[in-house]
Each structure stands twice: as structure tokens, then as C-alpha cells.
file work37.cif (mmCIF, C-alpha atoms)
data_structure
#
loop_
_atom_site.label_atom_id
_atom_site.label_comp_id
_atom_site.auth_asym_id
_atom_site.auth_seq_id
_atom_site.Cartn_x
_atom_site.Cartn_y
_atom_site.Cartn_z
CA MET A 1 0.00 0.00 0.00
CA SER A 2 1.48 3.31 -1.08
CA THR A 3 1.57 6.60 0.78
CA ARG A 4 -1.05 7.87 -1.67
CA ASP A 5 -3.35 4.97 -0.75
CA LEU A 6 -2.94 5.67 2.96
CA VAL A 7 -3.71 9.36 2.43
CA LEU A 8 -6.82 8.51 0.40
CA CYS A 9 -8.03 6.11 3.11
CA ALA A 10 -7.51 8.77 5.77
CA LEU A 11 -9.20 11.39 3.59
CA PHE A 12 -12.30 9.27 3.08
CA ALA A 13 -12.41 8.33 6.78
CA ALA A 14 -12.40 12.08 7.46
CA LEU A 15 -15.17 12.51 4.88
CA LEU A 16 -17.26 9.94 6.76
CA GLY A 17 -16.62 11.86 9.98
CA GLY A 18 -17.49 15.15 8.30
CA LEU A 19 -20.78 13.72 7.06
CA GLY A 20 -21.50 12.86 10.70
CA MET A 21 -21.55 16.56 11.51
CA ALA A 22 -24.85 16.89 9.67
CA PRO A 23 -27.51 16.65 12.38
CA PRO A 24 -29.29 13.29 12.52
CA ILE A 25 -33.01 13.16 11.83
CA PRO A 26 -34.63 10.96 14.46
CA LEU A 27 -37.60 8.75 13.68
CA GLY A 28 -39.94 8.17 16.59
CA PHE A 29 -40.63 4.51 15.86
CA LEU A 30 -36.99 3.28 15.59
CA PRO A 31 -33.84 4.08 17.59
CA VAL A 32 -31.95 4.61 14.29
CA PRO A 33 -31.71 8.18 12.92
CA ILE A 34 -31.41 9.28 9.30
CA THR A 35 -27.79 10.36 8.68
CA ALA A 36 -25.60 11.32 5.72
CA GLN A 37 -22.83 8.85 6.55
CA THR A 38 -23.95 6.04 4.27
CA LEU A 39 -23.30 8.48 1.43
CA GLY A 40 -19.64 8.46 2.49
CA VAL A 41 -19.59 4.66 2.48
CA MET A 42 -20.92 4.61 -1.09
CA LEU A 43 -18.45 7.29 -2.19
CA ALA A 44 -15.53 5.40 -0.63
CA GLY A 45 -16.43 2.24 -2.51
CA THR A 46 -17.27 3.78 -5.87
CA ILE A 47 -14.30 6.16 -5.93
CA LEU A 48 -11.55 4.30 -4.06
CA GLY A 49 -12.47 0.72 -4.93
CA ALA A 50 -12.83 -2.33 -2.70
CA LYS A 51 -9.54 -2.40 -0.81
CA ARG A 52 -9.05 1.32 -0.17
CA GLY A 53 -12.76 2.01 0.34
CA GLY A 54 -13.10 -0.82 2.84
CA LEU A 55 -9.97 0.31 4.70
CA ALA A 56 -11.21 3.91 4.83
CA ALA A 57 -14.50 2.78 6.38
CA LEU A 58 -12.65 0.45 8.76
CA LEU A 59 -10.45 3.32 9.90
CA PHE A 60 -13.57 5.38 10.53
CA VAL A 61 -15.18 2.60 12.61
CA LEU A 62 -11.96 2.15 14.62
CA LEU A 63 -11.88 5.89 15.36
CA VAL A 64 -15.51 5.73 16.51
CA ALA A 65 -14.70 2.69 18.67
CA ALA A 66 -11.81 4.64 20.21
CA GLY A 67 -14.35 7.20 21.37
CA LEU A 68 -14.09 9.97 18.79
CA PRO A 69 -17.51 11.62 18.41
CA LEU A 70 -17.70 11.12 14.64
CA LEU A 71 -21.16 9.65 14.32
CA ALA A 72 -24.18 11.79 13.61
CA GLY A 73 -25.12 13.76 16.68
CA GLY A 74 -21.55 13.73 18.00
CA ARG A 75 -21.69 10.16 19.25
CA GLY A 76 -18.83 7.70 19.51
CA GLY A 77 -17.41 4.90 21.61
CA ILE A 78 -17.89 1.18 22.09
CA GLY A 79 -21.24 1.77 23.80
CA VAL A 80 -22.69 3.28 20.65
CA LEU A 81 -21.34 0.45 18.51
CA MET A 82 -22.87 -2.11 20.84
CA GLY A 83 -26.22 -0.27 20.88
CA PRO A 84 -29.20 -0.64 18.51
CA THR A 85 -27.56 1.33 15.68
CA GLY A 86 -24.21 -0.46 15.97
CA GLY A 87 -24.90 -3.06 13.31
CA PHE A 88 -25.42 -0.39 10.70
CA VAL A 89 -22.13 1.35 11.58
CA LEU A 90 -20.17 -1.89 11.91
CA ALA A 91 -21.36 -2.77 8.39
CA PHE A 92 -19.65 0.29 6.88
CA PRO A 93 -16.31 -1.43 6.05
CA LEU A 94 -18.01 -4.44 4.45
CA ALA A 95 -20.44 -2.18 2.57
CA ALA A 96 -17.64 0.01 1.21
CA PHE A 97 -15.65 -3.08 0.23
CA VAL A 98 -18.61 -4.70 -1.55
CA THR A 99 -19.52 -1.43 -3.28
CA GLY A 100 -15.93 -1.08 -4.47
CA TRP A 101 -15.68 -4.72 -5.51
CA LEU A 102 -18.85 -4.39 -7.58
CA ALA A 103 -17.67 -1.08 -9.04
CA GLU A 104 -14.34 -2.61 -10.05
CA ARG A 105 -16.11 -5.37 -11.95
CA PHE A 106 -19.37 -3.91 -13.26
CA ALA A 107 -18.92 -0.13 -13.36
CA THR A 108 -15.42 0.33 -14.67
CA ASN A 109 -16.34 3.41 -16.69
CA ALA A 110 -18.07 6.62 -15.63
CA ASN A 111 -21.58 5.27 -16.19
CA PRO A 112 -23.76 6.77 -13.41
CA VAL A 113 -26.49 4.14 -13.87
CA ARG A 114 -24.08 1.30 -13.12
CA LEU A 115 -22.52 3.28 -10.28
CA PHE A 116 -26.00 3.83 -8.86
CA ALA A 117 -26.69 0.08 -9.04
CA VAL A 118 -23.47 -0.86 -7.24
CA SER A 119 -24.13 1.84 -4.62
CA VAL A 120 -27.57 0.35 -3.96
CA LEU A 121 -26.28 -3.22 -3.79
CA GLY A 122 -23.20 -2.54 -1.70
CA GLY A 123 -24.00 0.66 0.14
CA ILE A 124 -27.63 0.02 1.01
CA LEU A 125 -28.34 -3.71 0.92
CA VAL A 126 -25.17 -4.72 2.78
CA VAL A 127 -25.73 -2.07 5.48
CA TYR A 128 -29.35 -3.20 5.94
CA ALA A 129 -28.42 -6.90 5.87
CA CYS A 130 -26.10 -6.32 8.83
CA GLY A 131 -27.98 -3.54 10.62
CA ILE A 132 -31.51 -4.95 10.71
CA PRO A 133 -30.62 -8.27 12.41
CA TRP A 134 -28.44 -6.32 14.88
CA LEU A 135 -31.34 -3.97 15.61
CA TRP A 136 -33.63 -6.96 16.11
CA LEU A 137 -31.22 -8.64 18.53
CA VAL A 138 -29.99 -5.64 20.51
CA ALA A 139 -33.16 -3.56 20.70
CA GLY A 140 -35.37 -6.58 21.14
CA LEU A 141 -37.73 -5.41 18.41
CA PRO A 142 -39.82 -7.95 16.58
CA ILE A 143 -38.00 -8.68 13.31
CA GLU A 144 -41.01 -7.47 11.30
CA LYS A 145 -40.92 -4.09 13.04
CA ALA A 146 -37.16 -3.81 12.47
CA VAL A 147 -37.59 -4.60 8.76
CA TYR A 148 -40.65 -2.43 8.16
CA GLY A 149 -39.23 0.42 10.21
CA SER A 150 -36.04 0.33 8.16
CA LEU A 151 -38.06 0.76 4.97
CA ALA A 152 -38.56 4.41 5.97
CA PHE A 153 -34.86 4.95 5.21
CA VAL A 154 -34.93 3.55 1.67
CA PRO A 155 -36.04 6.72 -0.18
CA GLY A 156 -33.28 8.80 1.44
CA ASP A 157 -30.72 6.07 0.85
CA LEU A 158 -31.68 5.91 -2.82
CA ILE A 159 -31.13 9.66 -3.07
CA LYS A 160 -27.70 9.22 -1.45
CA ALA A 161 -26.90 6.42 -3.92
CA GLY A 162 -27.80 8.78 -6.76
CA ILE A 163 -25.55 11.50 -5.35
CA ALA A 164 -22.70 9.00 -4.93
CA ALA A 165 -23.15 7.74 -8.50
CA VAL A 166 -23.08 11.22 -10.02
CA ALA A 167 -20.09 12.27 -7.89
CA ALA A 168 -18.14 9.08 -8.65
CA ALA A 169 -18.91 9.41 -12.37
CA ALA A 170 -17.58 12.98 -12.32
CA VAL A 171 -14.39 11.94 -10.51
CA ARG A 172 -13.86 9.09 -12.96
CA ARG A 173 -14.47 11.30 -16.02
CA ALA A 174 -11.94 13.80 -14.65
CA GLY A 175 -9.42 10.97 -14.27
CA ILE A 176 -8.47 12.15 -10.78
CA LEU A 177 -8.58 8.78 -9.03
CA PRO A 178 -8.45 5.67 -11.19
CA ILE A 179 -10.33 2.92 -9.35
CA HIS A 180 -7.65 0.29 -10.08
CA ALA A 181 -4.77 2.44 -8.83
#
call {"tool": "encode", "arguments": {"input": "work37.cif", "output": "C-alpha cells"}}
result
Amino acid sequence: MSTRDLVLCALFAALLGGLGMAPPIPLGFLPVPITAQTLGVMLAGTILGAKRGGLAALLFVLLVAAGLPLLAGGRGGIGVLMGPTGGFVLAFPLAAFVTGWLAERFATNANPVRLFAVSVLGGILVVYACGIPWLWLVAGLPIEKAVYGSLAFVPGDLIKAGIAAVAAAAVRRAGILPIHA
């Protein structure tokens, strides 16, 4: 891993932290707020690729675990990661990796439609696949309530996937960060 790769990982971990400064939007029926941080996960995967994107998200999660208040609402620490929302946050490295892996194989050009698809598959489905069972287990919610409650987040997450796709397509067209670097 080159110095450039390390800098890019740190930069995208900082981006994830910066997106946490946007105030969370709480939903009364679930202990999980709407945040902008999944946008950062999708951007890390689509722009940096699997390895660097996953490492950037892992660095972010490690900083949160160390107690830095980088999550939406200024939260951080092991207690937050072990709480009802922890599964969603702990899924960030895997989601960024999967998004990047898919982007490296199926969206190698600057096609925003393909980048949108890989953002949905990696950045939304992977996060939900890890977060919903965690929410069910930790919060003690019936699984149906955890699933149906999480559906309220889908429209916003689709908007974030669209933003990530357009941004990644622009970066790729500019040739700033080749995904296979």
C-alpha cells in the first residue's frame, strides 16, 4: 500500500466523519436516525475501490470505537457500537468493500447508472443486511418491526446512492482517481 493509498483512506475516513456533523433526523418509531454517513460509504467504494474504500471505512469505525464523536449527533465509543444502531455502523467497512468490488467489476467506466446500481447493492443492501438483524437482537424489536421500520430509510438512501453515483462518475471522467490504482 502506497503513501497515496494511505492518504486517500484517511481522507475518506475524514469525509465519513465530516458527514457525521450533519444533524441526525430521528424517527420516533426506531432508535436509528437518518444520517448522511452512508453516502460516504458509497463514495468510498465507488471512488476508491474495494480495498481502499473498505480500509477507509474500517479506519472510521476504529476511530468511533476509540471514542471519537464522529457519528451523527456527536456520538462515539464502544457503547454506541454495541447499541441498537451499531450493526449499521459496523457494516460500513463491508459495505464500502462490496460497493468497491462491484464497481471494479461492473462499473469500470463513468456510467452513473451502473454506479447507482453498485451503490444500492453494496452501500444500502449490505448495510441493511447487517444492521436490521443487529437492531432486532440488541433492541429486542420484533423482526417485522425492524424490517418495516427500516423501509422508511430507503427513499433517502436511494437519493444518497444517486448523489454518490453522479459524484463518482464525475471523478472518474476527470481521471483524478483511477479505481484500479
call {"tool": "resolve_selection", "arguments": {"input": "work37.cif", "expression": "the PyMOL selection byres ((chain A and resi 137-151) around 8)", "output": "PyMOL selection string"}}
result
chain A and resi 29-30+82-84+128+132-136+152-154
call {"tool": "closest_residue", "arguments": {"input": "work37.cif", "among": "A:Ala36, A:Ala10, A:Leu43, A:Leu48", "to": "Leu63 in chain A", "atoms": "all atoms listed in the file"}}
result
A:Ala10
call {"tool": "residues_around", "arguments": {"input": "work37.cif", "residues": "range 161-169 of chain A", "least_positions_apart": "6", "cutoff": "7 Å", "atoms": "only C-alpha atoms", "output": "list in words"}}
result
Leu39, Met42, Leu43, Thr46, Ile47, Ala110, Asn111, Pro112, Leu115, Phe116, Ser119 and Val120 of chain A
call {"tool": "closest_residue", "arguments": {"input": "work37.cif", "among": "A:Val113, A:Leu27, A:Val127, A:Ala95", "to": "Leu58 in chain A", "atoms": "all atoms listed in the file"}}
result
A:Ala95
call {"tool": "closest_residue", "arguments": {"input": "work37.cif", "among": "A:Ala107, A:Ala96, A:Val64, A:Leu8", "to": "Arg172 in chain A", "atoms": "only C-alpha atoms"}}
result
A:Ala107
call {"tool": "resolve_selection", "arguments": {"input": "work37.cif", "expression": "the PyMOL selection byres ((chain A and resi 65) around 12)", "output": "list of chain:residue names"}}
result
A:Leu58, A:Leu59, A:Phe60, A:Val61, A:Leu62, A:Leu63, A:Val64, A:Ala66, A:Gly67, A:Leu68, A:Pro69, A:Leu70, A:Leu71, A:Arg75, A:Gly76, A:Gly77, A:Ile78, A:Gly79, A:Val80, A:Leu81, A:Met82, A:Gly86, A:Val89, A:Leu90
